[in-house]
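Participant: Got a structure here, written out as structure tokens. Questions coming.
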Amino acid sequence: MSDEPIWNQFLTERDKAVFAASGYGARGGFGKRPALLVIDVNYAFCGDKPEPILESIKRWRNSCGEESWPAVAAIKSLCDKAHEKGVPVIYTTGIRRADNWDSGSWSWKNSRGGEHPVVPVSNIDGNEIVEEIAPASQDIVIYKQKPSGFFGTNMASYLTLLGCDSVIVTGTTTSGCVRATVLDAFSLNYRVALAEEGCFDRSQASHAINLCDMNAKYADVVKTAEVLSFFDTLPAGLFDLPKGEAPKMAKAANF
């Protein structure tokens, strides 16, 4: 297996030379008190089973197809390790009024935006986090309506409450909600890393190029195995996590 970054196949020789000479892409490093963010890994973006994307989007218009599911497996390994080490796991997913009025600007850029929010074929709410990585009792679920996990939510205040100095980001889409969350985290001076195998997108080119851009300027794109090894170095008892019941998923529309 090549160690060449996934994005190199999309870059021109000029681009590669610019990145090599510009100083971008330096390693920022992990923080000391990380949280694991799982961005929008729900049925709307994964579909209800692994299948080719052009089949999946017939029922789930936002689906990233079969490439979602290896990423779900990678995210599960990170969630399991985070639970073992007592690291905070914070999920995001969407929420909508039943009449979809609050979709707002989302409806301007998608010709299928007015579709009924719950897919009748499967009878699964699109914003439900996939069962394979369902939140545990100590995990936090944040509901949002725009790309960033920070915009209009309690994300920053929860990270402050936990005393976090950094985030490990996973989820979907790499070019959309993941990128928006990364940029806001960077703007708030958190150290940011992305677990490469735990991020996915409906567009292969968008996935690769956005990983390239984020790695150059805003975050470290690292292998999932490296994050797992990093979690192993953390001392026990770093965080005062919630102890209540597992969050109940709100009935909400997929978008």
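Residues are referred to by chain and number: the chain letter is A, B, ... according to the order shown in the structure tokens, the number counts from 1 in that chain, and ligands are numbered separately from 1 in the order shown.
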Hey, which bits of range 85-190 of chain A sit within 7 Å of range 40-49 of chain A, and for each residue what's the closest pair of atoms and how far apart in Å (one decimal), counting only C-alpha atoms, rows by chain and increasing number, as JSON lines?
Facilitator:
```
{"residue": "A:Thr92", "atom": "CA", "partner": "A:Asp40", "partner_atom": "CA", "distance": 5.3}
{"residue": "A:Thr93", "atom": "CA", "partner": "A:Asp40", "partner_atom": "CA", "distance": 4.6}
{"residue": "A:Gly126", "atom": "CA", "partner": "A:Ala44", "partner_atom": "CA", "distance": 4.3}
{"residue": "A:Asn127", "atom": "CA", "partner": "A:Asn42", "partner_atom": "CA", "distance": 5.4}
{"residue": "A:Glu128", "atom": "CA", "partner": "A:Asn42", "partner_atom": "CA", "distance": 5.3}
{"residue": "A:Ile129", "atom": "CA", "partner": "A:Asn42", "partner_atom": "CA", "distance": 4.0}
{"residue": "A:Val130", "atom": "CA", "partner": "A:Asn42", "partner_atom": "CA", "distance": 5.1}
{"residue": "A:Gly171", "atom": "CA", "partner": "A:Val41", "partner_atom": "CA", "distance": 5.7}
{"residue": "A:Thr172", "atom": "CA", "partner": "A:Asp40", "partner_atom": "CA", "distance": 6.0}
```
Participant: Report as a Markdown table: every residue of range 37-113 of chain A with an atom at most 10 Å from range 157-163 of chain A, its closest pair of atoms, and their distance in Å to one decimal, counting only C-alpha atoms, with rows sorted by chain and ascending residue number.
Facilitator:
```
| residue | atom | partner | partner_atom | distance |
| --- | --- | --- | --- | --- |
| A:Val87 | CA | A:Leu162 | CA | 9.9 |
| A:Pro88 | CA | A:Leu162 | CA | 8.0 |
| A:Ile90 | CA | A:Tyr158 | CA | 9.2 |
```
Participant: Go ahead and save the picked residues with all heavy atoms, as a JSON list (two decimals), in the first residue's frame.
Facilitator:
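Everything below was put into again-v9.json:
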```
[["chain", "number", "residue", "atom", "x", "y", "z"],
["A", 87, "VAL", "N", -12.63, 9.18, 27.25],
["A", 87, "VAL", "CA", -12.53, 10.38, 26.41],
["A", 87, "VAL", "C", -13.93, 10.78, 25.97],
["A", 87, "VAL", "O", -14.74, 9.91, 25.59],
["A", 87, "VAL", "CB", -11.64, 10.10, 25.19],
["A", 87, "VAL", "CG1", -11.70, 11.25, 24.18],
["A", 87, "VAL", "CG2", -10.19, 9.85, 25.63],
["A", 88, "PRO", "N", -14.28, 12.06, 25.98],
["A", 88, "PRO", "CA", -15.61, 12.48, 25.55],
["A", 88, "PRO", "C", -15.88, 12.13, 24.08],
["A", 88, "PRO", "O", -15.01, 12.33, 23.23],
["A", 88, "PRO", "CB", -15.60, 14.00, 25.74],
["A", 88, "PRO", "CG", -14.46, 14.28, 26.66],
["A", 88, "PRO", "CD", -13.45, 13.20, 26.43],
["A", 90, "ILE", "N", -18.67, 13.18, 21.26],
["A", 90, "ILE", "CA", -19.76, 14.12, 20.98],
["A", 90, "ILE", "C", -20.25, 13.90, 19.56],
["A", 90, "ILE", "O", -19.48, 14.01, 18.60],
["A", 90, "ILE", "CB", -19.30, 15.57, 21.16],
["A", 90, "ILE", "CG1", -18.76, 15.79, 22.59],
["A", 90, "ILE", "CG2", -20.46, 16.54, 20.88],
["A", 90, "ILE", "CD1", -18.23, 17.20, 22.84]]
```
Participant: Would you mind reading off the distance between CA of Ile6 in chain A and CA of Tyr24 in chain A, one decimal, in Å?
Facilitator: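 Interatomic distance, CA of Ile6 in chain A to CA of Tyr24 in chain A: 17.0 Å.
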Participant: Output as a ChimeraX atom specification all residues of range 19-217 of chain A that backbone DSSP marks as strand (DSSP E or B).
Facilitator: /A:34-39,42,89-94,119,124,129,140-144,166-172,191-200
Participant: For C-alpha atoms, I'd like the residues from the last selection saved as a compact mmCIF listing (two decimals), in the first residue's frame.
Facilitator:
```
# COMPACT_ATOMS: atom_id res chain seq x y z
CA PRO A 34 -9.22 15.74 23.31
CA ALA A 35 -12.84 15.09 22.46
CA LEU A 36 -13.90 12.75 19.67
CA LEU A 37 -16.45 14.39 17.35
CA VAL A 38 -18.70 12.20 15.20
CA ILE A 39 -20.31 14.46 12.62
CA ASN A 42 -26.83 9.03 10.42
CA VAL A 89 -17.55 11.41 22.45
CA ILE A 90 -19.76 14.12 20.98
CA TYR A 91 -22.13 13.34 18.13
CA THR A 92 -23.93 15.77 15.85
CA THR A 93 -26.99 15.14 13.76
CA GLY A 94 -29.73 17.25 12.21
CA VAL A 119 -37.96 7.69 3.92
CA ILE A 124 -36.14 4.97 9.59
CA ILE A 129 -27.38 7.95 14.27
CA ILE A 140 -23.30 13.82 24.14
CA VAL A 141 -25.59 14.41 21.15
CA ILE A 142 -25.84 17.86 19.62
CA TYR A 143 -28.63 18.73 17.20
CA LYS A 144 -27.86 21.24 14.47
CA SER A 166 -8.47 19.66 21.05
CA VAL A 167 -10.83 17.65 18.88
CA ILE A 168 -10.51 14.51 16.79
CA VAL A 169 -13.02 14.84 13.96
CA THR A 170 -14.75 12.04 12.08
CA GLY A 171 -17.91 11.80 9.99
CA THR A 172 -19.48 13.22 6.90
CA ARG A 191 -5.95 21.64 18.01
CA VAL A 192 -7.69 19.63 15.30
CA ALA A 193 -7.03 16.20 13.83
CA LEU A 194 -9.08 14.18 11.38
CA ALA A 195 -9.12 10.38 11.42
CA GLU A 196 -8.75 9.81 7.69
CA GLU A 197 -10.57 6.48 7.44
CA GLY A 198 -13.37 7.83 9.63
CA CYS A 199 -14.30 10.63 7.19
CA PHE A 200 -16.36 10.12 4.04
```
Participant: How many Å separate CA of His83 in chain A from CA of Met155 in chain A?
Facilitator: 19.2 Å
Participant: I need the helix (DSSP H, G or I) residues of range 20-186 of chain A per DSSP on the backbone, written as a count of residues only.
Facilitator: 67
Participant: For Leu188 in chain A, which of A:Asp102, A:Ala236, A:Phe150, A:Gly176 is the closest residue, counting only C-alpha atoms?
Facilitator: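 Of A:Asp102, A:Ala236, A:Phe150, A:Gly176, the one nearest Leu188 in chain A, counting only C-alpha atoms, is A:Phe150.
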Participant: Within 8 Å of range 212-216 of chain A, counting only C-alpha atoms, which residues qualify if same-chain residues fewer than 6 places away don't, as a ChimeraX atom specification?
Facilitator: /A:7,19,24-26,179,182
Participant: Applying 9 Å and only C-alpha atoms, which residues near Pro52 in chain A remain after dropping the ones on its own chain fewer than 4 positions away? List them as a list in words.
Facilitator: Ser56, Ile57, Cys64, Gly65, Glu66 and Glu67 of chain A
Participant: Which residue out of A:Val222, A:Ile133, A:Leu11, A:Val178 has the minimum interatomic distance to Trp69 in chain A when only C-alpha atoms are used?
Facilitator: A:Ile133
